[in-house]
$ cat target_22.tsv   # TSV, C-alpha atoms and all ligand atoms
chain	number	residue	atom	x	y	z
A	30	MET	CA	-6.85	26.08	-13.26
A	31	ASP	CA	-10.28	25.21	-11.94
A	32	THR	CA	-11.45	21.66	-11.61
A	33	LEU	CA	-14.33	20.69	-13.84
A	34	GLY	CA	-17.84	21.79	-13.11
A	35	SER	CA	-20.17	18.82	-12.78
A	36	ALA	CA	-22.86	20.34	-15.05
A	37	SER	CA	-21.66	19.22	-18.46
A	38	PRO	CA	-18.35	17.41	-18.45
A	39	PRO	CA	-16.77	17.33	-21.90
A	40	LYS	CA	-16.72	13.92	-23.54
A	41	LEU	CA	-13.21	12.53	-23.47
A	42	SER	CA	-11.80	10.08	-25.92
A	43	PHE	CA	-8.41	8.59	-26.65
A	44	ASP	CA	-6.87	7.21	-29.82
A	45	ASN	CA	-6.73	3.43	-29.63
A	46	GLY	CA	-3.91	2.53	-31.97
A	47	GLY	CA	-0.19	3.18	-31.99
A	48	GLU	CA	2.76	0.92	-32.73
A	49	PHE	CA	3.60	0.49	-29.03
A	50	ILE	CA	0.35	-1.24	-28.09
A	51	LYS	CA	0.04	-3.09	-31.40
A	52	GLN	CA	3.43	-4.74	-30.99
A	53	THR	CA	2.91	-5.33	-27.25
A	54	ARG	CA	-0.47	-6.98	-27.88
A	55	ARG	CA	1.02	-9.21	-30.57
A	56	GLU	CA	3.75	-10.43	-28.24
A	57	VAL	CA	1.37	-10.90	-25.28
A	58	GLU	CA	-1.03	-12.88	-27.48
A	59	GLU	CA	1.89	-15.02	-28.64
A	60	TYR	CA	2.87	-15.67	-25.00
A	61	LEU	CA	-0.72	-16.59	-24.09
A	62	SER	CA	-1.19	-18.75	-27.19
A	63	VAL	CA	0.75	-21.56	-25.49
A	64	ARG	CA	-1.86	-23.75	-23.83
A	65	ARG	CA	0.43	-24.84	-20.98
A	66	THR	CA	1.08	-21.17	-20.10
A	67	ARG	CA	-2.64	-20.38	-19.98
A	68	VAL	CA	-3.43	-23.45	-17.88
A	69	ARG	CA	-0.59	-22.69	-15.43
A	70	GLY	CA	-1.91	-19.13	-14.99
A	71	ARG	CA	-5.45	-20.41	-14.29
A	72	VAL	CA	-4.26	-23.10	-11.86
A	73	GLU	CA	-2.22	-20.51	-9.91
A	74	LEU	CA	-5.18	-18.12	-9.91
A	75	TYR	CA	-7.66	-20.70	-8.60
A	76	ALA	CA	-5.17	-22.07	-6.05
A	77	LYS	CA	-4.82	-18.57	-4.63
A	78	GLY	CA	-8.59	-18.28	-4.48
A	79	VAL	CA	-8.80	-21.50	-2.45
A	80	VAL	CA	-6.08	-20.25	-0.06
A	81	ALA	CA	-7.92	-16.93	0.34
A	82	PHE	CA	-11.27	-18.61	1.15
A	83	VAL	CA	-9.67	-21.13	3.52
A	84	VAL	CA	-7.69	-18.46	5.42
A	85	LEU	CA	-10.75	-16.21	5.73
A	86	THR	CA	-13.17	-18.99	6.75
A	87	ALA	CA	-10.78	-20.71	9.20
A	88	SER	CA	-9.93	-17.38	10.86
A	89	TRP	CA	-13.59	-16.39	11.21
A	90	LEU	CA	-14.64	-19.80	12.57
A	91	THR	CA	-11.78	-19.76	15.10
A	92	LEU	CA	-12.66	-16.23	16.25
A	93	VAL	CA	-16.42	-16.67	16.47
A	94	LEU	CA	-16.89	-20.33	17.40
A	95	GLY	CA	-13.49	-21.39	18.74
A	96	HIS	CA	-13.36	-19.26	21.92
A	97	PRO	CA	-9.66	-18.61	21.31
A	98	GLY	CA	-7.25	-17.28	23.94
A	99	PRO	CA	-5.48	-13.94	23.38
A	100	TRP	CA	-2.67	-15.30	21.17
A	101	LEU	CA	-4.79	-17.53	18.95
A	102	GLY	CA	-7.36	-14.74	18.86
A	103	LEU	CA	-4.75	-12.29	17.59
A	104	VAL	CA	-3.45	-14.75	14.98
A	105	SER	CA	-7.03	-15.39	13.80
A	106	PHE	CA	-7.72	-11.66	13.65
A	107	GLY	CA	-4.59	-11.26	11.47
A	108	GLY	CA	-5.81	-14.20	9.36
A	109	LEU	CA	-9.15	-12.47	8.88
A	110	ILE	CA	-7.37	-9.35	7.60
A	111	LEU	CA	-5.06	-11.40	5.35
A	112	GLY	CA	-7.92	-13.54	4.01
A	113	THR	CA	-10.06	-10.47	3.23
A	114	SER	CA	-7.16	-8.72	1.49
A	115	LEU	CA	-6.46	-11.85	-0.60
A	116	ILE	CA	-10.13	-12.04	-1.60
A	117	ALA	CA	-10.08	-8.35	-2.59
A	118	PHE	CA	-6.83	-8.43	-4.58
A	119	CYS	CA	-6.73	-11.98	-5.98
A	120	VAL	CA	-10.40	-12.92	-6.51
A	121	MET	CA	-12.80	-9.95	-6.46
A	122	HIS	CA	-10.62	-7.62	-8.57
A	123	ASP	CA	-9.91	-10.19	-11.29
A	124	ALA	CA	-13.52	-11.43	-11.36
A	125	ASN	CA	-15.04	-7.97	-11.71
A	126	HIS	CA	-12.65	-7.28	-14.59
A	127	GLY	CA	-13.83	-10.46	-16.31
A	128	ALA	CA	-10.44	-12.15	-15.89
A	129	TYR	CA	-11.43	-14.99	-13.53
A	130	PHE	CA	-13.63	-17.13	-15.79
A	131	ARG	CA	-14.49	-17.17	-19.47
A	132	THR	CA	-18.14	-16.15	-19.14
A	133	ARG	CA	-19.50	-12.83	-17.97
A	134	ARG	CA	-22.11	-14.52	-15.77
A	135	LEU	CA	-19.57	-16.56	-13.80
A	136	ASN	CA	-17.30	-13.54	-13.41
A	137	HIS	CA	-20.19	-11.48	-12.02
A	138	LEU	CA	-21.06	-14.35	-9.70
A	139	MET	CA	-17.49	-14.47	-8.35
A	140	GLY	CA	-17.51	-10.66	-8.33
A	141	TRP	CA	-20.16	-10.89	-5.60
A	142	THR	CA	-17.25	-11.64	-3.24
A	143	ALA	CA	-17.15	-7.82	-3.11
A	144	ASP	CA	-20.74	-7.65	-1.82
A	145	VAL	CA	-20.69	-10.70	0.45
A	146	LEU	CA	-17.16	-10.63	1.88
A	147	LEU	CA	-16.09	-6.98	1.58
A	148	GLY	CA	-19.43	-5.21	2.01
A	149	LEU	CA	-18.89	-3.19	-1.21
A	150	SER	CA	-21.31	-3.28	-4.13
A	151	SER	CA	-19.64	-5.09	-7.05
A	152	TYR	CA	-22.15	-3.37	-9.34
A	153	ALA	CA	-20.94	0.08	-8.24
A	154	TRP	CA	-17.31	-1.13	-8.14
A	155	ARG	CA	-17.41	-2.05	-11.83
A	156	VAL	CA	-18.42	1.53	-12.71
A	157	LYS	CA	-16.07	3.16	-10.20
A	158	HIS	CA	-13.07	0.98	-10.99
A	159	ASN	CA	-13.48	-0.53	-14.47
A	160	VAL	CA	-15.04	2.52	-16.14
A	161	ALA	CA	-14.07	5.68	-14.21
A	162	HIS	CA	-10.61	4.62	-13.09
A	163	HIS	CA	-9.44	2.32	-15.90
A	164	THR	CA	-10.74	4.48	-18.77
A	165	TYR	CA	-9.76	7.91	-17.41
A	166	THR	CA	-6.72	7.05	-15.29
A	167	ASN	CA	-5.44	10.10	-13.37
A	168	VAL	CA	-7.79	12.49	-15.17
A	169	ASP	CA	-9.17	15.01	-12.68
A	170	ALA	CA	-12.91	14.67	-11.96
A	171	TYR	CA	-13.22	11.61	-14.23
A	172	ASP	CA	-11.11	9.16	-12.20
A	173	ALA	CA	-12.82	8.90	-8.80
A	174	ASP	CA	-9.65	7.44	-7.21
A	175	ILE	CA	-7.73	10.71	-7.55
A	176	THR	CA	-10.71	13.02	-7.03
A	177	GLN	CA	-10.99	13.40	-3.26
A	178	VAL	CA	-11.75	17.15	-3.01
A	179	PRO	CA	-12.44	18.81	-0.59
A	180	PHE	CA	-10.55	16.33	1.61
A	181	ALA	CA	-7.32	16.04	-0.35
A	182	ARG	CA	-5.60	17.42	-3.43
A	183	LEU	CA	-4.08	14.56	-5.40
A	184	THR	CA	-3.39	16.15	-8.78
A	185	PRO	CA	-1.75	19.44	-9.82
A	186	VAL	CA	-4.91	20.68	-11.57
A	187	GLN	CA	-7.06	20.66	-8.42
A	188	ALA	CA	-7.44	23.97	-6.59
A	189	PRO	CA	-5.29	24.41	-3.46
A	190	ARG	CA	-6.87	24.74	0.02
A	191	PRO	CA	-5.10	25.66	3.27
A	192	TRP	CA	-5.87	22.32	4.98
A	193	TYR	CA	-4.24	20.33	2.19
A	194	ARG	CA	-0.89	21.44	3.60
A	195	LEU	CA	-1.33	18.70	6.22
A	196	GLN	CA	-2.78	16.05	3.90
A	197	HIS	CA	0.36	13.90	3.88
A	198	TYR	CA	-0.30	13.36	7.61
A	199	TYR	CA	-4.07	12.99	7.77
A	200	ILE	CA	-4.71	11.13	4.51
A	201	TRP	CA	-3.87	7.81	6.18
A	202	VAL	CA	-6.92	8.25	8.41
A	203	LEU	CA	-9.07	8.85	5.30
A	204	TYR	CA	-7.65	5.68	3.75
A	205	CYS	CA	-8.64	3.77	6.91
A	206	LEU	CA	-12.23	5.05	6.65
A	207	MET	CA	-12.68	4.47	2.91
A	208	ALA	CA	-14.07	0.91	3.16
A	209	LEU	CA	-16.42	1.91	5.97
A	210	ARG	CA	-17.71	4.78	3.83
A	211	TRP	CA	-18.46	2.52	0.84
A	212	GLN	CA	-19.99	-0.16	3.07
A	213	THR	CA	-22.40	2.35	4.62
A	214	VAL	CA	-23.25	5.52	2.67
A	215	GLY	CA	-20.87	5.42	-0.34
A	216	ASP	CA	-22.71	2.88	-2.52
A	217	VAL	CA	-26.13	4.31	-1.68
A	218	ALA	CA	-25.04	7.93	-2.28
A	219	ALA	CA	-23.48	7.01	-5.65
A	220	LEU	CA	-26.69	5.23	-6.71
A	221	ALA	CA	-28.83	8.18	-5.59
A	222	ARG	CA	-26.54	10.57	-7.49
A	223	GLY	CA	-26.57	8.32	-10.54
A	224	SER	CA	-22.86	8.74	-11.21
A	225	ILE	CA	-19.32	8.02	-10.05
A	226	GLY	CA	-16.87	10.64	-11.23
A	227	THR	CA	-18.46	11.54	-14.55
A	228	SER	CA	-19.47	7.95	-15.34
A	229	ALA	CA	-23.18	7.09	-15.24
A	230	LEU	CA	-24.34	4.65	-12.56
A	231	ARG	CA	-27.82	3.38	-13.33
A	232	MET	CA	-30.11	1.87	-10.70
A	233	PRO	CA	-29.41	-1.88	-10.55
A	234	ARG	CA	-32.14	-4.28	-11.59
A	235	ARG	CA	-32.88	-7.99	-11.12
A	236	TRP	CA	-29.71	-9.97	-10.36
A	237	ASP	CA	-27.62	-6.82	-9.88
A	238	LEU	CA	-30.15	-5.53	-7.34
A	239	ALA	CA	-30.36	-8.94	-5.65
A	240	GLY	CA	-26.56	-9.05	-5.38
A	241	LEU	CA	-26.41	-5.56	-3.89
A	242	VAL	CA	-29.15	-6.04	-1.27
A	243	GLY	CA	-28.41	-9.70	-0.52
A	244	GLY	CA	-24.67	-9.02	-0.35
A	245	LYS	CA	-25.07	-6.21	2.20
A	246	VAL	CA	-27.39	-8.39	4.34
A	247	ILE	CA	-25.02	-11.40	4.30
A	248	PHE	CA	-22.02	-9.14	4.99
A	249	VAL	CA	-23.64	-7.50	8.03
A	250	GLY	CA	-24.73	-10.97	9.16
A	251	TRP	CA	-21.28	-12.62	9.29
A	252	ALA	CA	-19.29	-9.51	10.17
A	253	ILE	CA	-21.52	-8.08	12.93
A	254	VAL	CA	-24.74	-9.97	13.80
A	255	VAL	CA	-23.37	-13.52	14.30
A	256	PRO	CA	-20.29	-12.34	16.30
A	257	MET	CA	-22.74	-10.40	18.55
A	258	LEU	CA	-24.37	-13.71	19.49
A	259	VAL	CA	-21.04	-14.74	21.02
A	260	TYR	CA	-19.33	-11.51	22.16
A	261	PRO	CA	-20.63	-8.28	23.77
A	262	TRP	CA	-21.84	-5.73	21.19
A	263	TRP	CA	-19.15	-3.18	22.05
A	264	ALA	CA	-16.37	-5.75	21.58
A	265	VAL	CA	-17.76	-6.71	18.16
A	266	LEU	CA	-18.08	-3.08	17.04
A	267	CYS	CA	-14.54	-2.25	18.22
A	268	GLY	CA	-13.15	-5.39	16.57
A	269	TYR	CA	-15.07	-4.68	13.38
A	270	LEU	CA	-13.83	-1.07	13.21
A	271	VAL	CA	-10.17	-2.07	13.65
A	272	TYR	CA	-10.53	-4.90	11.10
A	273	SER	CA	-12.29	-2.70	8.55
A	274	MET	CA	-9.80	0.16	8.96
A	275	ILE	CA	-6.74	-2.05	8.48
A	276	VAL	CA	-8.20	-3.78	5.38
A	277	SER	CA	-9.20	-0.36	4.01
A	278	LEU	CA	-5.71	1.08	4.58
A	279	ILE	CA	-4.06	-1.91	2.84
A	280	MET	CA	-6.43	-1.66	-0.14
A	281	ALA	CA	-6.23	2.13	-0.53
A	282	VAL	CA	-2.43	2.30	-0.26
A	283	THR	CA	-1.92	-0.60	-2.69
A	284	PHE	CA	-4.04	1.14	-5.33
A	285	GLN	CA	-2.59	4.62	-4.65
A	286	LEU	CA	1.06	3.51	-4.96
A	287	ALA	CA	0.47	2.80	-8.63
A	288	HIS	CA	-0.95	6.20	-9.62
A	289	CYS	CA	-0.61	8.76	-6.89
A	290	VAL	CA	3.17	9.16	-6.86
A	291	GLU	CA	5.75	11.67	-8.08
A	292	GLU	CA	6.62	9.65	-11.19
A	293	ALA	CA	3.04	9.30	-12.50
A	294	ASP	CA	1.55	11.69	-15.04
A	295	PHE	CA	-1.73	13.54	-14.35
A	296	ALA	CA	-4.08	15.25	-16.76
A	297	SER	CA	-7.10	17.50	-16.88
A	298	ALA	CA	-10.05	17.14	-19.25
A	299	GLU	CA	-9.01	20.40	-20.95
A	300	GLN	CA	-5.53	19.05	-21.62
A	301	LEU	CA	-6.87	15.82	-23.10
A	302	ALA	CA	-9.46	17.63	-25.21
A	303	GLY	CA	-6.64	19.65	-26.78
A	304	GLU	CA	-4.53	16.68	-27.82
A	305	ARG	CA	-5.38	13.28	-29.29
A	306	ARG	CA	-3.58	11.12	-26.76
A	307	LEU	CA	-2.93	7.43	-27.37
A	308	TRP	CA	-4.85	5.48	-24.73
A	309	ALA	CA	-2.13	2.86	-24.13
A	310	VAL	CA	0.59	5.49	-23.75
A	311	HIS	CA	-1.63	7.46	-21.34
A	312	GLU	CA	-2.17	4.33	-19.20
A	313	VAL	CA	1.55	3.51	-19.01
A	314	GLU	CA	2.60	7.07	-18.21
A	315	THR	CA	-0.04	7.60	-15.50
A	316	THR	CA	0.87	4.31	-13.79
A	317	VAL	CA	3.94	3.03	-11.93
A	318	ASP	CA	4.90	-0.57	-11.08
A	319	PHE	CA	6.51	-1.36	-7.73
A	320	CYS	CA	8.50	-4.17	-6.09
A	321	PRO	CA	8.87	-6.32	-9.23
A	322	ARG	CA	11.36	-8.56	-7.43
A	323	ASN	CA	9.26	-9.17	-4.34
A	324	PRO	CA	7.32	-12.38	-5.09
A	325	VAL	CA	5.70	-12.52	-1.63
A	326	LEU	CA	4.26	-9.01	-1.88
A	327	GLY	CA	3.29	-9.63	-5.52
A	328	TRP	CA	1.46	-12.82	-4.51
A	329	VAL	CA	-0.48	-11.10	-1.72
A	330	VAL	CA	-1.51	-8.00	-3.70
A	331	GLY	CA	-2.69	-10.07	-6.67
A	332	GLY	CA	-0.25	-8.59	-9.17
A	333	LEU	CA	-1.32	-5.04	-8.32
A	334	ASN	CA	2.36	-4.15	-8.07
A	335	TYR	CA	2.27	-4.62	-11.88
A	336	GLN	CA	-0.45	-2.07	-12.48
A	337	ILE	CA	0.97	-0.93	-15.84
A	338	GLU	CA	0.39	-4.45	-17.18
A	339	HIS	CA	-2.97	-4.63	-15.39
A	340	HIS	CA	-4.14	-1.40	-17.05
A	341	LEU	CA	-3.11	-2.60	-20.50
A	342	PHE	CA	-4.50	-6.14	-20.04
A	343	PRO	CA	-7.18	-6.03	-17.30
A	344	ARG	CA	-8.93	-9.16	-18.61
A	345	VAL	CA	-5.80	-11.31	-18.39
A	346	PRO	CA	-5.43	-13.18	-15.04
A	347	HIS	CA	-2.97	-11.37	-12.78
A	348	THR	CA	-0.81	-14.49	-12.47
A	349	HIS	CA	0.66	-13.63	-15.91
A	350	TYR	CA	1.65	-10.03	-15.14
A	351	SER	CA	5.27	-10.62	-14.09
A	352	HIS	CA	5.98	-12.24	-17.45
A	353	ILE	CA	3.97	-9.71	-19.45
A	354	ALA	CA	5.94	-6.92	-17.72
A	355	THR	CA	9.13	-7.87	-19.59
A	356	ILE	CA	7.23	-7.60	-22.90
A	357	VAL	CA	5.64	-4.23	-22.01
A	358	GLN	CA	8.90	-2.76	-20.70
A	359	ARG	CA	10.85	-3.86	-23.79
A	360	ASN	CA	8.29	-2.29	-26.13
A	361	ALA	CA	7.99	0.86	-24.05
A	362	GLU	CA	11.74	1.40	-24.43
A	363	ARG	CA	11.55	0.63	-28.14
A	364	HIS	CA	8.72	3.14	-28.76
A	365	GLY	CA	9.81	5.92	-26.39
A	366	VAL	CA	7.04	5.41	-23.82
A	367	ARG	CA	7.99	6.37	-20.25
A	368	TYR	CA	7.87	3.18	-18.13
A	369	VAL	CA	8.64	3.58	-14.42
A	370	THR	CA	9.19	0.91	-11.77
A	371	GLN	CA	9.78	1.54	-8.05
A	372	ARG	CA	12.29	-1.00	-6.84
A	373	SER	CA	11.10	-1.29	-3.24
A	374	LEU	CA	8.00	-0.74	-1.13
A	375	ARG	CA	9.92	1.86	0.83
A	376	SER	CA	10.67	3.92	-2.29
A	377	ALA	CA	7.05	3.60	-3.49
A	378	LEU	CA	5.67	4.74	-0.12
A	379	GLY	CA	8.24	7.57	0.02
A	380	SER	CA	7.18	8.76	-3.43
A	381	HIS	CA	3.49	8.68	-2.45
A	382	PHE	CA	4.24	10.65	0.73
A	383	ARG	CA	6.31	13.27	-1.14
A	384	HIS	CA	3.64	13.58	-3.84
A	385	LEU	CA	0.97	14.23	-1.19
A	386	ARG	CA	3.18	16.79	0.55
A	387	ARG	CA	3.96	18.58	-2.71
A	388	MET	CA	0.33	18.65	-3.84
A	389	GLY	CA	-0.71	19.92	-0.41
A	390	ARG	CA	1.84	22.71	-0.30
A	391	SER	CA	1.85	23.92	-3.88
A	392	GLY	CA	-0.68	26.17	-5.47
A	393	VAL	CA	1.43	27.73	-8.17
A	394	PRO	CA	0.21	27.78	-11.77
A	395	VAL	CA	0.02	24.32	-13.30
A	396	ALA	CA	2.51	25.07	-16.06
A	397	LEU	CA	5.22	25.90	-13.50
A	398	GLU	CA	4.28	23.05	-11.19
A	399	MET	CA	4.57	20.40	-13.85
A	400	GLY	CA	7.98	21.73	-14.80
B	501	ZN	ZN	-8.29	-2.91	-11.99

$ encode --input "target_22.tsv" --output "structure tokens"
Amino acid sequence: MDTLGSASPPKLSFDNGGEFIKQTRREVEEYLSVRRTRVRGRVELYAKGVVAFVVLTASWLTLVLGHPGPWLGLVSFGGLILGTSLIAFCVMHDANHGAYFRTRRLNHLMGWTADVLLGLSSYAWRVKHNVAHHTYTNVDAYDADITQVPFARLTPVQAPRPWYRLQHYYIWVLYCLMALRWQTVGDVAALARGSIGTSALRMPRRWDLAGLVGGKVIFVGWAIVVPMLVYPWWAVLCGYLVYSMIVSLIMAVTFQLAHCVEEADFASAEQLAGERRLWAVHEVETTVDFCPRNPVLGWVVGGLNYQIEHHLFPRVPHTHYSHIATIVQRNAERHGVRYVTQRSLRSALGSHFRHLRRMGRSGVPVALEMG
């Protein structure tokens, strides 16, 4: 089956209702109706934000102004990576979904952590992530996260190519370069094209434009220009490349483990056009949770190990996901919705690796491939 032509992508829509999501929503609303629960979730969320900013700032100040020795330098470099990852997972992601504060304006303001601290346009991120990925999860050509042709084949409906046979080895390098790509040409190319996946990306205006341009300038300033006042330019560039590649790898793998694994469902636009699929069921069956009993990992990745819950309730702070998961799982079982959890990071990574290998090697007709 061919992938979609970009000329006129068919309009896709899902059915919104269904007993599964109705009952789940009722129970989640009941859980969140307790004021103490809501306040606890907010306090945890903001406390994590403070930790993230402190770790990032302290590490940067030590590296750039503290003239650290090799050991303190290494610890600070690790702190910079940890702080950036915490900002990405626990602040930027929630804020750009509208889950951090009550008002849209404050969420967008906090969403600028993407521009200022990660070097990625929050304006483009909201289209790429909130619209393309969250609306059309694992739909070829619509979800930009699983559409990486001609570099990799991530879904059974994409055409095979000889080089994909090695993708389970080389994809890790692509993951390392992803942040660098968005920081440099990715955002600009998407704006020039006017789309991400099949979702429209209009030219930003006023505050959105100010955030994009100002964010890039501030990011280049703290990440490259100021360190160059202290260290030789080649040392800064090498350090920046290693830092950016590790953060990129952590971010890409965390997001891929939820959708790009053997247990997740994939779809093509043609398939969806032929059936009226329930949106909530589609989200649960194209997504996989991992490491539900690993509180340290869950804390660091900002609840992104509970991506099923995140996809159903993206505007709820991630600090509630572990509790919401019991509600979603119970209702999934009750209504016959396939709900999959990987018990460990090792099994999640293994499943991602095997999925990549299988997608790279197979080119048999889709009907056979999907069993
Ligand atoms: Zn999200």

$ atom_distance --input "target_22.tsv" --atom1 "CA of Glu58 (chain A)" --atom2 "CA of Gly127 (chain A)"
17.2 Å

$ residues_near_ligand --input "target_22.tsv" --ligand "ligand ZN 501 (chain B)" --cutoff "8 Å" --atoms "only C-alpha atoms and all ligand atoms" --output "number ranges by chain"
A: 122-123, 126, 158-159, 162-163, 336, 339-340, 343

$ residues_around --input "target_22.tsv" --residues "region 345-347 of chain A" --least-positions-apart "4" --cutoff "9 Å" --atoms "only C-alpha atoms" --output "PDB file with C-alpha atoms, in the coordinates of the input"
ATOM      1  CA  GLY A  70      -1.910 -19.130 -14.990  1.00  0.00           C
ATOM      2  CA  ARG A  71      -5.450 -20.410 -14.290  1.00  0.00           C
ATOM      3  CA  LEU A  74      -5.180 -18.120  -9.910  1.00  0.00           C
ATOM      4  CA  CYS A 119      -6.730 -11.980  -5.980  1.00  0.00           C
ATOM      5  CA  ASP A 123      -9.910 -10.190 -11.290  1.00  0.00           C
ATOM      6  CA  HIS A 126     -12.650  -7.280 -14.590  1.00  0.00           C
ATOM      7  CA  GLY A 127     -13.830 -10.460 -16.310  1.00  0.00           C
ATOM      8  CA  ALA A 128     -10.440 -12.150 -15.890  1.00  0.00           C
ATOM      9  CA  TYR A 129     -11.430 -14.990 -13.530  1.00  0.00           C
ATOM     10  CA  GLY A 331      -2.690 -10.070  -6.670  1.00  0.00           C
ATOM     11  CA  GLY A 332      -0.250  -8.590  -9.170  1.00  0.00           C
ATOM     12  CA  LEU A 333      -1.320  -5.040  -8.320  1.00  0.00           C
ATOM     13  CA  TYR A 335       2.270  -4.620 -11.880  1.00  0.00           C
ATOM     14  CA  GLU A 338       0.390  -4.450 -17.180  1.00  0.00           C
ATOM     15  CA  HIS A 339      -2.970  -4.630 -15.390  1.00  0.00           C
ATOM     16  CA  SER A 351       5.270 -10.620 -14.090  1.00  0.00           C
TER      17      SER A 351
END

$ atom_distance --input "target_22.tsv" --atom1 "CA of Leu270 (chain A)" --atom2 "CA of Cys205 (chain A)"
9.5 Å

$ atom_distance --input "target_22.tsv" --atom1 "CA of Ile50 (chain A)" --atom2 "CA of Trp328 (chain A)"
26.3 Å

$ closest_residue --input "target_22.tsv" --among "A:Phe319, A:Tyr368, A:Trp154, A:Trp141" --to "Leu230 (chain A)" --atoms "only C-alpha atoms"
A:Trp154

$ closest_residue --input "target_22.tsv" --among "A:Tyr272, A:Phe49, A:Tyr204, A:Tyr260" --to "Gly95 (chain A)" --atoms "only C-alpha atoms"
A:Tyr260

$ closest_residue --input "target_22.tsv" --among "A:Met257, A:Phe284, A:Thr53, A:Ala161" --to "Ile356 (chain A)" --atoms "all atoms listed in the file"
A:Thr53

$ closest_residue --input "target_22.tsv" --among "A:Leu109, A:Val259, A:Ala219, A:Ala281" --to "Leu94 (chain A)" --atoms "all atoms listed in the file"
A:Val259

$ closest_residue --input "target_22.tsv" --among "A:Thr316, A:Gln212, A:Ser273, A:Asn167" --to "Phe295 (chain A)" --atoms "all atoms listed in the file"
A:Asn167

$ closest_residue --input "target_22.tsv" --among "A:Gly379, A:Pro179, A:Pro321, A:Gly268" --to "Phe106 (chain A)" --atoms "all atoms listed in the file"
A:Gly268

$ residues_around --input "target_22.tsv" --residues "Gly108 (chain A)" --least-positions-apart "5" --cutoff "10 Å" --atoms "all atoms listed in the file" --output "list of chain:residue names"
A:Ala81, A:Val83, A:Val84, A:Leu85, A:Thr86, A:Ala87, A:Ser88, A:Trp89, A:Thr91, A:Leu92, A:Gly102, A:Leu103, A:Thr113, A:Ser114

$ write_last_selection --input "target_22.tsv" --atoms "C-alpha atoms" --output "PDB file, in the coordinates of the input"
ATOM      1  CA  ALA A  81      -7.920 -16.930   0.340  1.00  0.00           C
ATOM      2  CA  VAL A  83      -9.670 -21.130   3.520  1.00  0.00           C
ATOM      3  CA  VAL A  84      -7.690 -18.460   5.420  1.00  0.00           C
ATOM      4  CA  LEU A  85     -10.750 -16.210   5.730  1.00  0.00           C
ATOM      5  CA  THR A  86     -13.170 -18.990   6.750  1.00  0.00           C
ATOM      6  CA  ALA A  87     -10.780 -20.710   9.200  1.00  0.00           C
ATOM      7  CA  SER A  88      -9.930 -17.380  10.860  1.00  0.00           C
ATOM      8  CA  TRP A  89     -13.590 -16.390  11.210  1.00  0.00           C
ATOM      9  CA  THR A  91     -11.780 -19.760  15.100  1.00  0.00           C
ATOM     10  CA  LEU A  92     -12.660 -16.230  16.250  1.00  0.00           C
ATOM     11  CA  GLY A 102      -7.360 -14.740  18.860  1.00  0.00           C
ATOM     12  CA  LEU A 103      -4.750 -12.290  17.590  1.00  0.00           C
ATOM     13  CA  THR A 113     -10.060 -10.470   3.230  1.00  0.00           C
ATOM     14  CA  SER A 114      -7.160  -8.720   1.490  1.00  0.00           C
TER      15      SER A 114
END

$ closest_atom_pairs --input "target_22.tsv" --of "region 54-152 of chain A" --to "region 233-250 of chain A" --cutoff "9 Å" --atoms "all atoms listed in the file" --output "CSV"
residue,atom,partner,partner_atom,distance
A:Leu138,CA,A:Gly240,CA,8.8
A:Trp141,CA,A:Gly240,CA,6.7
A:Thr142,CA,A:Gly244,CA,8.4
A:Ala143,CA,A:Gly244,CA,8.1
A:Asp144,CA,A:Gly244,CA,4.4
A:Val145,CA,A:Gly244,CA,4.4
A:Leu146,CA,A:Phe248,CA,6.0
A:Leu147,CA,A:Phe248,CA,7.2
A:Gly148,CA,A:Phe248,CA,5.6
A:Leu149,CA,A:Lys245,CA,7.7
A:Ser150,CA,A:Leu241,CA,5.6
A:Ser151,CA,A:Leu241,CA,7.5
A:Tyr152,CA,A:Asp237,CA,6.5

$ residues_around --input "target_22.tsv" --residues "Arg194 (chain A)" --least-positions-apart "4" --cutoff "8 Å" --atoms "only C-alpha atoms" --output "ChimeraX atom specification"
/A:190,386,389-390

$ write_last_selection --input "target_22.tsv" --atoms "C-alpha atoms" --output "tab-separated table (two decimals), in the frame of the given file"
chain	number	residue	atom	x	y	z
A	190	ARG	CA	-6.87	24.74	0.02
A	386	ARG	CA	3.18	16.79	0.55
A	389	GLY	CA	-0.71	19.92	-0.41
A	390	ARG	CA	1.84	22.71	-0.30

$ residues_around --input "target_22.tsv" --residues "Val357 (chain A)" --least-positions-apart "5" --cutoff "10 Å" --atoms "only C-alpha atoms" --output "PyMOL selection string"
chain A and resi 49-50+52-54+56-57+313+337-338+341+350+352+362-363+366+368

$ decode --input "target_22.tsv" --residues "region 59-64 of chain A" --atoms "N, CA and C atoms" --output "JSON list (two decimals), in the first residue's frame"
[["chain", "number", "residue", "atom", "x", "y", "z"],
["A", 59, "GLU", "N", -14.82, 12.77, 38.78],
["A", 59, "GLU", "CA", -15.15, 12.55, 40.19],
["A", 59, "GLU", "C", -13.87, 12.59, 41.04],
["A", 60, "TYR", "N", -12.82, 11.94, 40.53],
["A", 60, "TYR", "CA", -11.52, 11.94, 41.24],
["A", 60, "TYR", "C", -10.98, 13.37, 41.37],
["A", 61, "LEU", "N", -11.10, 14.15, 40.28],
["A", 61, "LEU", "CA", -10.55, 15.51, 40.30],
["A", 61, "LEU", "C", -11.47, 16.53, 40.98],
["A", 62, "SER", "N", -12.69, 16.08, 41.32],
["A", 62, "SER", "CA", -13.63, 17.02, 41.96],
["A", 62, "SER", "C", -13.23, 17.29, 43.42],
["A", 63, "VAL", "N", -12.37, 16.45, 43.97],
["A", 63, "VAL", "CA", -11.93, 16.67, 45.35],
["A", 63, "VAL", "C", -10.85, 17.76, 45.35],
["A", 64, "ARG", "N", -11.13, 18.85, 46.04],
["A", 64, "ARG", "CA", -10.22, 19.99, 46.00],
["A", 64, "ARG", "C", -8.81, 19.63, 46.44]]
